[in-house]
file coords.pdb (PDB, C-alpha atoms and all ligand atoms)
ATOM      1  CA  MET A   1      -2.929  50.162 -19.041
ATOM      2  CA  ASN A   2      -1.564  48.116 -16.237
ATOM      3  CA  VAL A   3      -1.096  44.511 -17.199
ATOM      4  CA  ALA A   4      -0.127  42.116 -14.453
ATOM      5  CA  LYS A   5       3.045  40.364 -15.304
ATOM      6  CA  ARG A   6       2.862  36.628 -14.966
ATOM      7  CA  PRO A   7       5.693  34.858 -13.234
ATOM      8  CA  ALA A   8       7.913  32.826 -15.490
ATOM      9  CA  ARG A   9       6.688  29.285 -15.775
ATOM     10  CA  ARG A  10       9.035  26.468 -15.088
ATOM     11  CA  ARG A  11       7.378  24.030 -17.405
ATOM     12  CA  ARG A  12       9.465  21.422 -19.057
ATOM     13  CA  LYS A  13       8.552  19.068 -21.819
ATOM     14  CA  VAL A  14       8.539  15.479 -20.664
ATOM     15  CA  PRO A  15      10.207  13.356 -23.355
ATOM     16  CA  ALA A  16       8.054  10.742 -25.011
ATOM     17  CA  ALA A  17       8.884   7.280 -23.740
ATOM     18  CA  PRO A  18       7.052   3.988 -23.364
ATOM     19  CA  PHE A  19       4.512   4.357 -20.610
ATOM     20  CA  ASP A  20       5.758   3.139 -17.253
ATOM     21  CA  LEU A  21       3.094   2.988 -14.541
ATOM     22  CA  ARG A  22       5.641   3.021 -11.699
ATOM     23  CA  ALA A  23       7.360   6.080 -13.178
ATOM     24  CA  PHE A  24       3.980   7.748 -13.697
ATOM     25  CA  GLN A  25       3.015   7.135 -10.065
ATOM     26  CA  ALA A  26       6.334   8.639  -8.987
ATOM     27  CA  ARG A  27       5.869  11.607 -11.332
ATOM     28  CA  ILE A  28       2.385  12.342 -10.022
ATOM     29  CA  ALA A  29       3.685  11.993  -6.443
ATOM     30  CA  THR A  30       6.454  14.492  -7.188
ATOM     31  CA  THR A  31       4.039  16.990  -8.696
ATOM     32  CA  TYR A  32       1.042  16.603  -6.379
ATOM     33  CA  GLY A  33       2.196  14.435  -3.464
ATOM     34  CA  SER A  34       2.463  17.186  -0.879
ATOM     35  CA  LYS A  35      -0.977  18.590  -1.744
ATOM     36  CA  ASP A  36      -2.446  15.079  -1.738
ATOM     37  CA  ALA A  37      -0.880  14.365   1.655
ATOM     38  CA  LYS A  38      -2.403  17.515   3.146
ATOM     39  CA  ARG A  39      -5.812  16.602   1.696
ATOM     40  CA  GLY A  40      -5.548  12.989   2.858
ATOM     41  CA  ILE A  41      -6.905   9.762   1.460
ATOM     42  CA  ALA A  42     -10.586  10.550   2.087
ATOM     43  CA  GLY A  43     -10.427  13.957   0.398
ATOM     44  CA  THR A  44      -8.363  12.635  -2.472
ATOM     45  CA  PHE A  45     -10.806   9.771  -2.947
ATOM     46  CA  MET A  46     -13.581  12.349  -3.333
ATOM     47  CA  TYR A  47     -11.697  13.940  -6.248
ATOM     48  CA  PHE A  48     -11.091  10.496  -7.752
ATOM     49  CA  SER A  49     -14.827   9.769  -7.493
ATOM     50  CA  GLU A  50     -15.605  13.102  -9.127
ATOM     51  CA  GLU A  51     -13.315  12.188 -12.018
ATOM     52  CA  ILE A  52     -15.087   8.825 -12.401
ATOM     53  CA  GLY A  53     -18.326  10.773 -12.806
ATOM     54  CA  GLU A  54     -16.720  13.014 -15.420
ATOM     55  CA  LEU A  55     -15.505   9.911 -17.263
ATOM     56  CA  ALA A  56     -19.045   8.543 -17.223
ATOM     57  CA  GLU A  57     -20.298  11.773 -18.794
ATOM     58  CA  ALA A  58     -17.532  11.677 -21.403
ATOM     59  CA  LEU A  59     -18.323   8.059 -22.298
ATOM     60  CA  ARG A  60     -21.980   8.990 -22.740
ATOM     61  CA  GLU A  61     -21.276  12.113 -24.818
ATOM     62  CA  PRO A  62     -17.733  11.794 -26.205
ATOM     63  CA  ASP A  63     -18.218  14.637 -28.702
ATOM     64  CA  ARG A  64     -18.855  17.093 -25.866
ATOM     65  CA  HIS A  65     -15.971  16.040 -23.628
ATOM     66  CA  ASP A  66     -12.282  15.277 -23.702
ATOM     67  CA  LEU A  67     -12.674  11.508 -23.394
ATOM     68  CA  PRO A  68      -8.929  10.660 -23.435
ATOM     69  CA  GLY A  69      -8.319  13.442 -20.927
ATOM     70  CA  GLU A  70     -10.947  12.050 -18.573
ATOM     71  CA  PHE A  71      -9.278   8.621 -18.688
ATOM     72  CA  ALA A  72      -5.963  10.328 -17.906
ATOM     73  CA  ASP A  73      -7.496  12.246 -14.999
ATOM     74  CA  CYS A  74      -8.915   9.037 -13.511
ATOM     75  CA  LEU A  75      -5.541   7.307 -13.762
ATOM     76  CA  ALA A  76      -3.736  10.300 -12.233
ATOM     77  CA  TRP A  77      -6.084  10.386  -9.241
ATOM     78  CA  LEU A  78      -5.864   6.597  -8.907
ATOM     79  CA  VAL A  79      -2.068   6.655  -8.705
ATOM     80  CA  SER A  80      -2.299   9.568  -6.241
ATOM     81  CA  LEU A  81      -4.454   7.377  -4.023
ATOM     82  CA  ALA A  82      -2.072   4.448  -4.429
ATOM     83  CA  HIS A  83       0.820   6.670  -3.387
ATOM     84  CA  LEU A  84      -1.065   7.920  -0.321
ATOM     85  CA  ALA A  85      -1.978   4.339   0.605
ATOM     86  CA  LYS A  86       1.652   3.266   0.058
ATOM     87  CA  VAL A  87       0.633   0.858  -2.709
ATOM     88  CA  ASP A  88       3.000   0.240  -5.622
ATOM     89  CA  LEU A  89       0.279   0.137  -8.262
ATOM     90  CA  ALA A  90       2.562  -1.284 -10.964
ATOM     91  CA  ALA A  91       3.481  -4.214  -8.709
ATOM     92  CA  ALA A  92      -0.164  -4.729  -7.744
ATOM     93  CA  VAL A  93      -1.223  -4.788 -11.398
ATOM     94  CA  ASP A  94       1.574  -7.210 -12.319
ATOM     95  CA  ARG A  95       0.615  -9.508  -9.454
ATOM     96  CA  LYS A  96      -3.138  -9.394 -10.065
ATOM     97  CA  TYR A  97      -3.062  -9.363 -13.892
ATOM     98  CA  PRO A  98      -0.035 -11.450 -14.877
ATOM     99  CA  GLY A  99      -1.078 -11.822 -18.514
ATOM    100  CA  LEU A 100      -3.638 -14.583 -18.166
ATOM    101  CA  CYS A 101      -7.031 -14.963 -16.578
ATOM    102  CA  PRO A 102      -6.563 -16.100 -12.959
ATOM    103  CA  LYS A 103      -9.740 -18.197 -13.123
ATOM    104  CA  CYS A 104      -9.446 -20.130 -16.398
ATOM    105  CA  LEU A 105      -5.665 -19.604 -16.702
ATOM    106  CA  GLU A 106      -6.012 -18.726 -20.399
ATOM    107  CA  ILE A 107      -4.355 -15.736 -22.055
ATOM    108  CA  ILE A 108      -7.676 -14.992 -23.749
ATOM    109  CA  CYS A 109     -10.308 -15.527 -21.074
ATOM    110  CA  VAL A 110     -12.847 -18.273 -21.793
ATOM    111  CA  CYS A 111     -14.784 -17.869 -18.542
ATOM    112  CA  VAL A 112     -18.532 -17.570 -18.890
ATOM    113  CA  SER A 113     -19.204 -13.834 -18.587
ATOM    114  CA  LYS A 114     -22.033 -12.302 -16.674
ATOM    115  CA  PRO A 115     -24.585 -10.642 -18.992
TER     116      PRO A 115
HETATM  117 ZN    ZN B   1     -11.117 -16.574 -17.647
END

call {"tool": "encode", "arguments": {"input": "coords.pdb", "output": "structure tokens", "more": "lines below"}}
Ligand SMILES: [Zn+2]
result
Amino acid sequence: MNVAKRPARRRRKVPAAPFDLRAFQARIATTYGSKDAKRGIAGTFMYFSEEIGELAEALREPDRHDLPGEFADCLAWLVSLAHLAKVDLAAAVDRKYPGLCPKCLEIICVCVSKP
């Protein structure tokens, strides 16, 4: 029986550390950046959109899907897009969501929500 020999994998365990969005964006860019660049923003956005759809399915039927994994996929594609668009997503999030509501300026928003 001829069994194809798989090439040795160069997988390394990433040590657990507090999540750092900037480091995650850099990590995803290292791993997928060249493929993303070849695909371009429009093509990469299509994959991001596809993942949003998969997240919607997982939210509707969490027992049939990997709900945490779908959230992770959406974030990975989002940071890929940010990298392609030359946006530092961590800085954008810090600027836009500084820890209080930009409208009512409260830490716990008291704005009247839309139904
Ligand atoms: Zn508010």

call {"tool": "resolve_selection", "arguments": {"input": "coords.pdb", "expression": "the PyMOL selection byres (((chain A and resi 80-93) around 9) and not hetatm)", "output": "count of residues only"}}
result
26

call {"tool": "resolve_selection", "arguments": {"input": "coords.pdb", "expression": "the PyMOL selection byres (((chain A and resi 54) around 10) and not hetatm)", "output": "tab-separated table (two decimals) with C-alpha atoms, in the frame of the given file"}}
result
chain	number	residue	atom	x	y	z
A	48	PHE	CA	-11.09	10.50	-7.75
A	49	SER	CA	-14.83	9.77	-7.49
A	50	GLU	CA	-15.60	13.10	-9.13
A	51	GLU	CA	-13.32	12.19	-12.02
A	52	ILE	CA	-15.09	8.82	-12.40
A	53	GLY	CA	-18.33	10.77	-12.81
A	55	LEU	CA	-15.50	9.91	-17.26
A	56	ALA	CA	-19.05	8.54	-17.22
A	57	GLU	CA	-20.30	11.77	-18.79
A	58	ALA	CA	-17.53	11.68	-21.40
A	59	LEU	CA	-18.32	8.06	-22.30
A	60	ARG	CA	-21.98	8.99	-22.74
A	65	HIS	CA	-15.97	16.04	-23.63
A	66	ASP	CA	-12.28	15.28	-23.70
A	67	LEU	CA	-12.67	11.51	-23.39
A	70	GLU	CA	-10.95	12.05	-18.57
A	71	PHE	CA	-9.28	8.62	-18.69
A	73	ASP	CA	-7.50	12.25	-15.00
A	74	CYS	CA	-8.91	9.04	-13.51

call {"tool": "residues_near_ligand", "arguments": {"input": "coords.pdb", "ligand": "ligand ZN 1 (chain B)", "cutoff": "10 Å", "atoms": "all atoms listed in the file", "output": "PyMOL selection string"}}
result
chain A and resi 100-113

call {"tool": "atom_distance", "arguments": {"input": "coords.pdb", "atom1": "CA of Tyr47 in chain A", "atom2": "CA of Ala72 in chain A"}}
result
13.5 Å

call {"tool": "atom_distance", "arguments": {"input": "coords.pdb", "atom1": "CA of Gly69 in chain A", "atom2": "CA of Phe19 in chain A"}}
result
15.7 Å

call {"tool": "atom_distance", "arguments": {"input": "coords.pdb", "atom1": "CA of Pro62 in chain A", "atom2": "CA of Lys114 in chain A"}}
result
26.3 Å

call {"tool": "decode", "arguments": {"input": "coords.pdb", "residues": "range 75-86 of chain A", "atoms": "N, CA and C atoms", "output": "tab-separated table (two decimals), in the first residue's frame"}}
result
chain	number	residue	atom	x	y	z
A	75	LEU	N	-13.74	38.25	12.76
A	75	LEU	CA	-12.71	39.18	13.21
A	75	LEU	C	-11.44	39.04	12.37
A	76	ALA	N	-11.08	37.80	12.03
A	76	ALA	CA	-9.87	37.58	11.22
A	76	ALA	C	-10.01	38.24	9.85
A	77	TRP	N	-11.16	38.06	9.22
A	77	TRP	CA	-11.37	38.68	7.90
A	77	TRP	C	-11.45	40.20	8.03
A	78	LEU	N	-12.02	40.69	9.13
A	78	LEU	CA	-12.10	42.14	9.33
A	78	LEU	C	-10.70	42.75	9.46
A	79	VAL	N	-9.83	42.11	10.24
A	79	VAL	CA	-8.48	42.67	10.38
A	79	VAL	C	-7.69	42.51	9.08
A	80	SER	N	-7.99	41.47	8.30
A	80	SER	CA	-7.36	41.34	6.97
A	80	SER	C	-7.73	42.54	6.11
A	81	LEU	N	-9.00	42.89	6.12
A	81	LEU	CA	-9.46	44.05	5.35
A	81	LEU	C	-8.81	45.33	5.85
A	82	ALA	N	-8.73	45.48	7.16
A	82	ALA	CA	-8.10	46.67	7.73
A	82	ALA	C	-6.66	46.77	7.27
A	83	HIS	N	-5.96	45.64	7.29
A	83	HIS	CA	-4.56	45.64	6.85
A	83	HIS	C	-4.47	46.06	5.38
A	84	LEU	N	-5.32	45.49	4.54
A	84	LEU	CA	-5.30	45.83	3.11
A	84	LEU	C	-5.61	47.31	2.89
A	85	ALA	N	-6.51	47.85	3.72
A	85	ALA	CA	-6.90	49.26	3.58
A	85	ALA	C	-5.96	50.19	4.35
A	86	LYS	N	-4.90	49.60	4.93
A	86	LYS	CA	-3.91	50.37	5.69
A	86	LYS	C	-4.55	51.11	6.87
